[in-house]
Amino acid sequence: GAAEPAPPTSHLQPGAATLREPFLMTRTPPRLSWSLVISTYDRERILRRCLALAAAQTRPPREIIVVDASPGWAATRDWVVATLAPAHPHVDWRYEPAVRRSLPAQRNQGIAMATADVLLMIDDDSLMYPDCAERIMAIYEADTEGAIAGIMATEAGQPPPELPVEPGGGSPPSAGAGAPVPAVPPLGPLRRLKDDLLVRFGVRDFLPPYDPDAATETIPAAVRHLGVAPAARLMGAYMTYRRRVLVRHRFDEVLDAYAYLEDADVSYRASRDGVLLQATGALLCHTRDAGGRLSKYTTAVLGALNAVVLHRLHSGDVGRSRAEMRPFLRKRMVVEALRDVHKRRWSLPQARGVWHALRLYDRVFAMREDELRGWYAGYQRQLVARG
């Protein structure tokens, strides 16, 4: 499918601790609660591990909410009730079938059910290290002014250890928030070459920012000692937000069949309300578990069109977006053609997919918002049905 940015990685050396007590504290940070909100579809095996690791965090969640679109969702719910819930009675478990099988719709369904101050919206194949939530919550709590809208965890490069999940087994001991973090393997030469090419072409992110001229927010002084870095956007597998931010900026359900870029869209809109940061010591491993896959051509069409549609709907300056997105997609088409050739896909499915999106470009920008939402919902379904 469409190329994604490199996952956020740790910049720390093994043995480095990112949480340390301030020399003086003039006020006690408020104690905030957090919820895990998971949207899933046919990934029962990795989902079980994801939930077990979340429940066993050194800083436990108030609630774990799962919105499952799988045909066999009830069997997985029954396993959670029989196995995980008795082992973690401090957690409020809520496991519901999806009202609509769509990642943005499922995320919004979970947000509406959540009650905690902070929502971890990670993917169902994201595996949290034991102190991941503890490190993230320490940052939110230190931000007593509420300047931070969202925080992204950091890719660990390898999964955390397995946990026992027998009923009543409890959580294994953990080294806590000050424990050393594992080293992250470096990117391979081909990945570095591809990333360098994307940067040189100016198409590193498939969804350019809605407000490119907005002032860059500085890291709040209260959290600079907690191992943080600025983030232009939060990636879906690693993202967390204050609940009040997600109540205001829901995931856009115009993305239906292939919700690529739904995380970038929310990030750009949320950044209008506060700072986005990466917690360099809060580790999880995104396993990228295999699931249902569309064809290369279909994902390329929808990935490019998603970017155009989202800019039409949410750009701070639609005229500027209309002028700039066309040359942006032409550059992406060149990159996709090079990727196709490198992979020996001689029919150039990904390059053709972007070209198809370019043919619809003027039509998208000419539509009213209500007209565009109605048309794009049907278009996505028809494209996926044709395969």
# chains A, B, ... in the order shown; residues from 1 in each chain; ligands from 1

call {"tool": "closest_atom_pairs", "arguments": {"of": "segment 66-151 of chain A", "to": "segment 230-244 of chain A", "cutoff": "10 Å", "atoms": "only C-alpha atoms", "output": "CSV"}}
result
residue,atom,partner,partner_atom,distance
A:Ile111,CA,A:Arg243,CA,7.7
A:Ala112,CA,A:Arg243,CA,9.7
A:Ala114,CA,A:Arg243,CA,8.1
A:Thr115,CA,A:Arg243,CA,8.0
A:Ala116,CA,A:Arg243,CA,7.0
A:Asp117,CA,A:Arg243,CA,5.5
A:Val118,CA,A:Arg242,CA,4.4
A:Leu119,CA,A:Tyr241,CA,5.5
A:Leu120,CA,A:Thr240,CA,4.3
A:Met121,CA,A:Thr240,CA,5.6
A:Ile122,CA,A:Ala237,CA,4.6
A:Asp123,CA,A:Ala237,CA,4.7
A:Asp124,CA,A:Ala237,CA,8.2
A:Asp125,CA,A:Ala237,CA,7.9
A:Ser126,CA,A:Ala237,CA,6.1
A:Leu127,CA,A:Ala237,CA,9.5
A:Met128,CA,A:Tyr238,CA,9.4
A:Ala133,CA,A:Thr240,CA,9.8
A:Ile136,CA,A:Thr240,CA,8.6
A:Met137,CA,A:Thr240,CA,9.9
A:Tyr140,CA,A:Arg242,CA,8.5
A:Gly146,CA,A:Arg242,CA,9.1
A:Ile148,CA,A:Arg242,CA,8.1
A:Ala149,CA,A:Arg242,CA,5.9
A:Gly150,CA,A:Tyr241,CA,4.1
A:Ile151,CA,A:Thr240,CA,5.3

call {"tool": "residues_around", "arguments": {"residues": "Glu162 of chain A", "least_positions_apart": "4", "cutoff": "12 Å", "atoms": "only C-alpha atoms", "output": "list in words"}}
result
Ile46, Arg48, Arg49, Cys50, Leu51, Ala52, Leu53, Ala56, Leu127, Met128, Tyr129, Pro130, Gln158, Ser171 and Pro172 of chain A

call {"tool": "closest_residue", "arguments": {"among": "A:Ala300, A:Ala377, A:Met152, A:Val228", "to": "Asp256 of chain A", "atoms": "only C-alpha atoms"}}
result
A:Ala377

call {"tool": "atom_distance", "arguments": {"atom1": "atom CA of Ser315 of chain A", "atom2": "atom CA of Tyr210 of chain A"}}
result
4.6 Å

call {"tool": "residues_around", "arguments": {"residues": "Glu336 of chain A", "least_positions_apart": "4", "cutoff": "7 Å", "atoms": "only C-alpha atoms", "output": "list in words"}}
result
Arg332, Asp340, Gln350 and Ala351 of chain A

call {"tool": "write_last_selection", "arguments": {"atoms": "N, CA and C atoms", "output": "compact mmCIF listing (two decimals), in the first residue's frame"}}
result
# COMPACT_ATOMS: atom_id res chain seq x y z
N ARG A 332 4.66 12.09 -5.73
CA ARG A 332 4.39 10.78 -5.14
C ARG A 332 4.27 9.71 -6.23
N ASP A 340 7.54 0.47 -7.52
CA ASP A 340 7.00 -0.63 -8.34
C ASP A 340 8.12 -1.33 -9.11
N GLN A 350 0.99 0.79 -8.16
CA GLN A 350 0.91 1.90 -7.21
C GLN A 350 1.02 3.24 -7.93
N ALA A 351 1.87 3.32 -8.94
CA ALA A 351 1.96 4.56 -9.72
C ALA A 351 0.65 4.81 -10.47

call {"tool": "atom_distance", "arguments": {"atom1": "atom CA of Leu276 of chain A", "atom2": "atom CA of Glu369 of chain A"}}
result
27.8 Å

call {"tool": "residues_around", "arguments": {"residues": "Ala222 of chain A", "least_positions_apart": "6", "cutoff": "9 Å", "atoms": "only C-alpha atoms", "output": "list in words"}}
result
Ile139, Ala142, Asp143 and Thr144 of chain A

call {"tool": "select_by_dssp", "arguments": {"residues": "segment 228-294 of chain A", "states": "strand (DSSP E)", "output": "list in words"}}
result
Val228, Ala229, Pro230, Met239, Thr240, Tyr241, Arg242, Val275, Leu276, Leu277, Gln278, Ala279, Thr280, Gly281, Ala282, Leu283, Leu284, Cys285 and His286 of chain A

call {"tool": "write_last_selection", "arguments": {"atoms": "N, CA and C atoms", "output": "PDB file, in the first residue's frame"}}
result
ATOM      1  N   VAL A 228      11.134  13.924  26.205  1.00  0.00           N
ATOM      2  CA  VAL A 228      10.143  14.186  25.164  1.00  0.00           C
ATOM      3  C   VAL A 228      10.803  14.859  23.970  1.00  0.00           C
ATOM      4  N   ALA A 229      10.149  14.759  22.831  1.00  0.00           N
ATOM      5  CA  ALA A 229      10.599  15.407  21.607  1.00  0.00           C
ATOM      6  C   ALA A 229       9.370  15.917  20.873  1.00  0.00           C
ATOM      7  N   PRO A 230       9.494  17.003  20.084  1.00  0.00           N
ATOM      8  CA  PRO A 230       8.345  17.497  19.316  1.00  0.00           C
ATOM      9  C   PRO A 230       7.909  16.462  18.277  1.00  0.00           C
ATOM     10  N   MET A 239      -0.424   6.304  19.230  1.00  0.00           N
ATOM     11  CA  MET A 239      -0.973   7.603  19.623  1.00  0.00           C
ATOM     12  C   MET A 239      -1.797   7.560  20.905  1.00  0.00           C
ATOM     13  N   THR A 240      -1.725   8.659  21.664  1.00  0.00           N
ATOM     14  CA  THR A 240      -2.551   8.901  22.838  1.00  0.00           C
ATOM     15  C   THR A 240      -2.971  10.370  22.806  1.00  0.00           C
ATOM     16  N   TYR A 241      -4.147  10.640  23.338  1.00  0.00           N
ATOM     17  CA  TYR A 241      -4.654  12.012  23.372  1.00  0.00           C
ATOM     18  C   TYR A 241      -5.414  12.245  24.676  1.00  0.00           C
ATOM     19  N   ARG A 242      -5.494  13.511  25.067  1.00  0.00           N
ATOM     20  CA  ARG A 242      -6.454  13.867  26.099  1.00  0.00           C
ATOM     21  C   ARG A 242      -7.853  13.611  25.549  1.00  0.00           C
ATOM     22  N   VAL A 275      -0.018  21.061  21.959  1.00  0.00           N
ATOM     23  CA  VAL A 275       1.261  20.540  21.495  1.00  0.00           C
ATOM     24  C   VAL A 275       1.178  19.016  21.312  1.00  0.00           C
ATOM     25  N   LEU A 276       1.876  18.512  20.303  1.00  0.00           N
ATOM     26  CA  LEU A 276       2.035  17.069  20.098  1.00  0.00           C
ATOM     27  C   LEU A 276       3.484  16.709  20.411  1.00  0.00           C
ATOM     28  N   LEU A 277       3.666  15.634  21.190  1.00  0.00           N
ATOM     29  CA  LEU A 277       4.994  15.225  21.621  1.00  0.00           C
ATOM     30  C   LEU A 277       5.196  13.726  21.420  1.00  0.00           C
ATOM     31  N   GLN A 278       6.458  13.327  21.391  1.00  0.00           N
ATOM     32  CA  GLN A 278       6.829  11.918  21.423  1.00  0.00           C
ATOM     33  C   GLN A 278       7.521  11.645  22.752  1.00  0.00           C
ATOM     34  N   ALA A 279       7.084  10.600  23.453  1.00  0.00           N
ATOM     35  CA  ALA A 279       7.718  10.170  24.695  1.00  0.00           C
ATOM     36  C   ALA A 279       8.802   9.157  24.334  1.00  0.00           C
ATOM     37  N   THR A 280      10.049   9.574  24.380  1.00  0.00           N
ATOM     38  CA  THR A 280      11.139   8.749  23.861  1.00  0.00           C
ATOM     39  C   THR A 280      11.400   7.502  24.696  1.00  0.00           C
ATOM     40  N   GLY A 281      10.941   7.469  25.931  1.00  0.00           N
ATOM     41  CA  GLY A 281      11.167   6.290  26.765  1.00  0.00           C
ATOM     42  C   GLY A 281       9.957   5.399  26.922  1.00  0.00           C
ATOM     43  N   ALA A 282       8.802   5.797  26.370  1.00  0.00           N
ATOM     44  CA  ALA A 282       7.578   5.000  26.467  1.00  0.00           C
ATOM     45  C   ALA A 282       7.523   4.060  25.273  1.00  0.00           C
ATOM     46  N   LEU A 283       7.869   2.808  25.489  1.00  0.00           N
ATOM     47  CA  LEU A 283       8.094   1.894  24.380  1.00  0.00           C
ATOM     48  C   LEU A 283       6.925   0.949  24.134  1.00  0.00           C
ATOM     49  N   LEU A 284       6.676   0.706  22.874  1.00  0.00           N
ATOM     50  CA  LEU A 284       5.806  -0.388  22.454  1.00  0.00           C
ATOM     51  C   LEU A 284       6.332  -0.923  21.128  1.00  0.00           C
ATOM     52  N   CYS A 285       5.903  -2.100  20.775  1.00  0.00           N
ATOM     53  CA  CYS A 285       6.315  -2.730  19.512  1.00  0.00           C
ATOM     54  C   CYS A 285       5.083  -2.881  18.636  1.00  0.00           C
ATOM     55  N   HIS A 286       5.126  -2.271  17.460  1.00  0.00           N
ATOM     56  CA  HIS A 286       4.041  -2.423  16.490  1.00  0.00           C
ATOM     57  C   HIS A 286       4.389  -3.609  15.605  1.00  0.00           C
TER      58      HIS A 286
END

call {"tool": "residues_around", "arguments": {"residues": "Arg330 of chain A", "least_positions_apart": "4", "cutoff": "9 Å", "atoms": "only C-alpha atoms", "output": "MDAnalysis selection string"}}
result
chainID A and resid 325:326 334:335 354:355 358

call {"tool": "write_last_selection", "arguments": {"atoms": "N, CA and C atoms", "output": "compact mmCIF listing (two decimals), in the first residue's frame"}}
result
# COMPACT_ATOMS: atom_id res chain seq x y z
N MET A 325 -1.53 20.51 -3.79
CA MET A 325 -1.66 19.06 -3.69
C MET A 325 -1.42 18.35 -5.02
N ARG A 326 -1.74 19.00 -6.14
CA ARG A 326 -1.53 18.35 -7.44
C ARG A 326 -0.04 18.07 -7.70
N VAL A 334 5.87 9.54 -9.02
CA VAL A 334 7.23 9.16 -9.43
C VAL A 334 7.84 8.21 -8.41
N VAL A 335 7.68 8.54 -7.13
CA VAL A 335 8.21 7.67 -6.07
C VAL A 335 7.57 6.28 -6.14
N VAL A 354 -2.02 6.28 -8.10
CA VAL A 354 -1.91 7.72 -7.85
C VAL A 354 -2.38 8.50 -9.09
N TRP A 355 -2.04 8.00 -10.28
CA TRP A 355 -2.49 8.65 -11.51
C TRP A 355 -4.02 8.68 -11.59
N LEU A 358 -5.27 11.41 -9.44
CA LEU A 358 -5.05 12.73 -10.06
C LEU A 358 -6.15 13.06 -11.08

call {"tool": "residues_around", "arguments": {"residues": "Arg62 of chain A", "least_positions_apart": "5", "cutoff": "9 Å", "atoms": "only C-alpha atoms", "output": "PyMOL selection string"}}
result
chain A and resi 33-36+90-93+115-116

call {"tool": "write_last_selection", "arguments": {"atoms": "N, CA and C atoms", "output": "compact mmCIF listing (two decimals), in the first residue's frame"}}
result
# COMPACT_ATOMS: atom_id res chain seq x y z
N SER A 33 -6.44 9.70 34.99
CA SER A 33 -6.77 8.32 34.64
C SER A 33 -6.58 8.12 33.14
N TRP A 34 -6.40 6.84 32.74
CA TRP A 34 -6.27 6.55 31.32
C TRP A 34 -7.08 5.32 30.95
N SER A 35 -7.50 5.31 29.70
CA SER A 35 -8.24 4.19 29.13
C SER A 35 -7.53 3.70 27.87
N LEU A 36 -7.59 2.40 27.65
CA LEU A 36 -7.17 1.84 26.37
C LEU A 36 -8.41 1.67 25.50
N HIS A 90 -9.21 -4.75 38.76
CA HIS A 90 -9.18 -3.30 38.92
C HIS A 90 -9.58 -2.58 37.64
N VAL A 91 -9.64 -3.30 36.52
CA VAL A 91 -9.94 -2.70 35.22
C VAL A 91 -11.42 -2.87 34.90
N ASP A 92 -12.03 -1.82 34.40
CA ASP A 92 -13.41 -1.90 33.90
C ASP A 92 -13.32 -2.36 32.45
N TRP A 93 -13.75 -3.59 32.17
CA TRP A 93 -13.66 -4.18 30.84
C TRP A 93 -14.96 -3.93 30.09
N THR A 115 -14.30 7.14 29.64
CA THR A 115 -14.53 8.12 30.69
C THR A 115 -13.24 8.69 31.27
N ALA A 116 -12.09 8.15 30.91
CA ALA A 116 -10.82 8.57 31.52
C ALA A 116 -10.33 9.90 30.94

call {"tool": "closest_residue", "arguments": {"among": "A:Ala82, A:Leu103, A:Leu372, A:Leu246", "to": "Val266 of chain A", "atoms": "only C-alpha atoms"}}
result
A:Leu246

call {"tool": "residues_around", "arguments": {"residues": "segment 363-365 of chain A", "least_positions_apart": "3", "cutoff": "12 Å", "atoms": "only C-alpha atoms", "output": "PyMOL selection string"}}
result
chain A and resi 304-315+318-323+325-326+357-360+368-376+379
